[in-house]
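Worksheet: one structure, shown below.
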Amino acid sequence: MLKSDRMTQIIEVIGHFLRTNWYLILIIIVALAGRVAYPLTNSFAFVFDHGKDSLNVMEMLLTHRPKLIGPWTSIPGFYFGPVWYYMLAACYLVGAGQPVAAVWGMIGLAVVMVALTYRYFGRLAATMVATGTAWVTITVSAWNPYPLPLVSLLLLILLKKTATDHNLSLKRAFWFGLLAALGCHFSTAYAIFYPIIILLCWLKQRLIINYKVILCAILGFAVPCLPQAFFEVRHDFGEVRAVWTYISETGARGGDSLSWGKVQGVVGETLGQVRLLAFPDIQLPDQLGTVASAILAFFGCVWLAVAIAAVAKHVKNKAWPTDNLWVECLIFILLPTTGFLFLHFNVWYLLGMAPAVVILVAWPVREYRWAAAAWAGAMIVGLVTHNAWEFVWNDVSRVGSFYAQVNQVWEDIKVLAGDKNFAVYTYEGAIYDFNYQYLMLRDAWKEGRPLPVEFSYAPGETAYVPMKEALLARLPQQSGPVETVFYIIIGREKASDYFLAWQDRQEYLAGARFIEQVGENLELWQAENIGEATFSAEIEE
């Protein structure tokens, strides 16, 4: 009887949760449905940075030496913090080192962001996070800047709590500082922006800011910076000197100075990101492109109309919600946009403002039930057409930088090589082959397959993979004379100086035979009978 009562109680609790959170469950299902095709078909980017980060994580896991710094930044000699490596390490430990495991981890991050947005900022904002084109992009590939929106979302949640109860406790001040310091781990710019944004938001909310609050915030900020502080002490403050050199040289040459072109670029990219984050992005075949543009224009007009109406209603009633955060969201958007007019800029630097964009756009729309329902429906349609564009109209199988194509070439090499000793050399435009380096080392790490006699950008080229010596000391590798050589050529341009310089370093490339082309720009060539044949022919155009 007691057991039956307990089961009934559990069923009632589950039923109550489903009834009260049905929309959250629905929108999480939609978010997952719009993303799982990418890892299931291996249609995600796995190129230069992905391979480089994966190699660093492999080194950390194999050598058991924790990382004190993360990936390099755009400032020579300066690095992000190492949190990203530890996030990747957790995924790779669960997923046996497979790159797809990191993508599943990012999709899990998407679910967390959808749930948090739903809990604190409502259904429509959560729908935008679940379905927006930009949100899909940053959660179906594993790259260092992509967790930054979660940091901003957590900061906005803290700001909502302080706006609601007007209480800046010492504990909250500590968390504000800690989250602000995570900017050092995902964005050098936001390491500057976050503290300023937080201070401006505190002043806007008229919070009591005393020396205890400041000290707790500084203490929180110091915690995520400890690994880099240890690194600096051990390396004679090399990063500090690198930043000073960069600032001095940049100021001298004016490379990031304000110009009309820079204003157009930053403002244009910001508006483009706003559209992809919070507006329905309905993809249609090229012949229906004007229809998609008309739909976007319609929703732009709808937003402008409801925003004016919502503001007028609150002004008339003199009843602004205390936790609205529209001013705080504007600070999150306008401060970085202004800062990037004077700093080095790339479009992914805008990710830190993503949650603020969604919250700000959703606020006036959700004031009107009909508008919110239409907006949410259009966002879901946009997600469906986005996937149709990627997997049907645009056919992602043609993209040679996606993991499916990269991995296929490596699998084909293993079959073609058989039991022979072989070498692999890879040309990938003006960048190095970190992605293939990782795939080969990962097979030796997790599958025990002996590594090729040599695998590199070119014969004797090793300096660009600094951890390779430590990894090779722990992994099996072929030994003896090379019997066959494989050449992977990605996106080559025959007139390119980079390609010609690479070709000159390949002893057997001239007589290699073409094996296959994968996608639009990924080629595999093989040279056999090394030492017996005389090669003189040029690669055919």
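Every chain in the structure tokens takes a letter, A first, then B, and so on in the order presented; its residues are numbered from 1, and the ligands are numbered from 1 following the presented order.
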>> Residues near A:Val36, anyone? I mean within 10 Å using only C-alpha atoms, not counting same-chain ones fewer than 5 positions away, as a PyMOL selection string.
In response: chain A and resi 31+41-42+103-104+107+140
Keeping only N, CA, C and O atoms, take the residues you just selected and write them out as a compact mmCIF listing (two decimals), in the first residue's frame.
# COMPACT_ATOMS: atom_id res chain seq x y z
N ALA A 31 14.68 22.66 -30.09
CA ALA A 31 16.10 23.02 -30.14
C ALA A 31 16.96 21.81 -30.50
O ALA A 31 17.88 21.91 -31.33
N THR A 41 25.31 13.46 -38.72
CA THR A 41 25.87 13.34 -40.07
C THR A 41 27.31 13.83 -40.15
O THR A 41 27.88 13.91 -41.25
N ASN A 42 27.89 14.18 -39.01
CA ASN A 42 29.26 14.73 -38.95
C ASN A 42 29.40 15.98 -39.83
O ASN A 42 30.47 16.25 -40.39
N VAL A 103 30.87 18.58 -30.02
CA VAL A 103 29.64 19.17 -30.58
C VAL A 103 28.44 18.78 -29.73
O VAL A 103 27.57 19.60 -29.45
N TRP A 104 28.39 17.53 -29.29
CA TRP A 104 27.30 17.13 -28.38
C TRP A 104 27.37 17.94 -27.09
O TRP A 104 26.33 18.29 -26.51
N ILE A 107 25.78 21.25 -27.82
CA ILE A 107 24.32 21.12 -27.89
C ILE A 107 23.74 21.05 -26.48
O ILE A 107 22.68 21.61 -26.19
N VAL A 140 26.53 24.11 -32.83
CA VAL A 140 26.76 22.89 -33.61
C VAL A 140 28.22 22.84 -34.10
O VAL A 140 28.54 22.17 -35.06
>> My list of candidates is A:Trp202, A:Tyr118, A:Phe193, A:Phe279. Which is closest to A:Leu168 when distances are computed with only C-alpha atoms?
In response: A:Trp202
>> Using only C-alpha atoms, can you tell me which of A:Glu328, A:Asp286, A:Asp49, A:Glu520 comes closest to A:Ile196?
In response: A:Glu328
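Proximity of A:Leu182, A:Leu109, A:Val453, A:Ile282 to A:Val381, computed with only C-alpha atoms, is greatest for A:Ile282.
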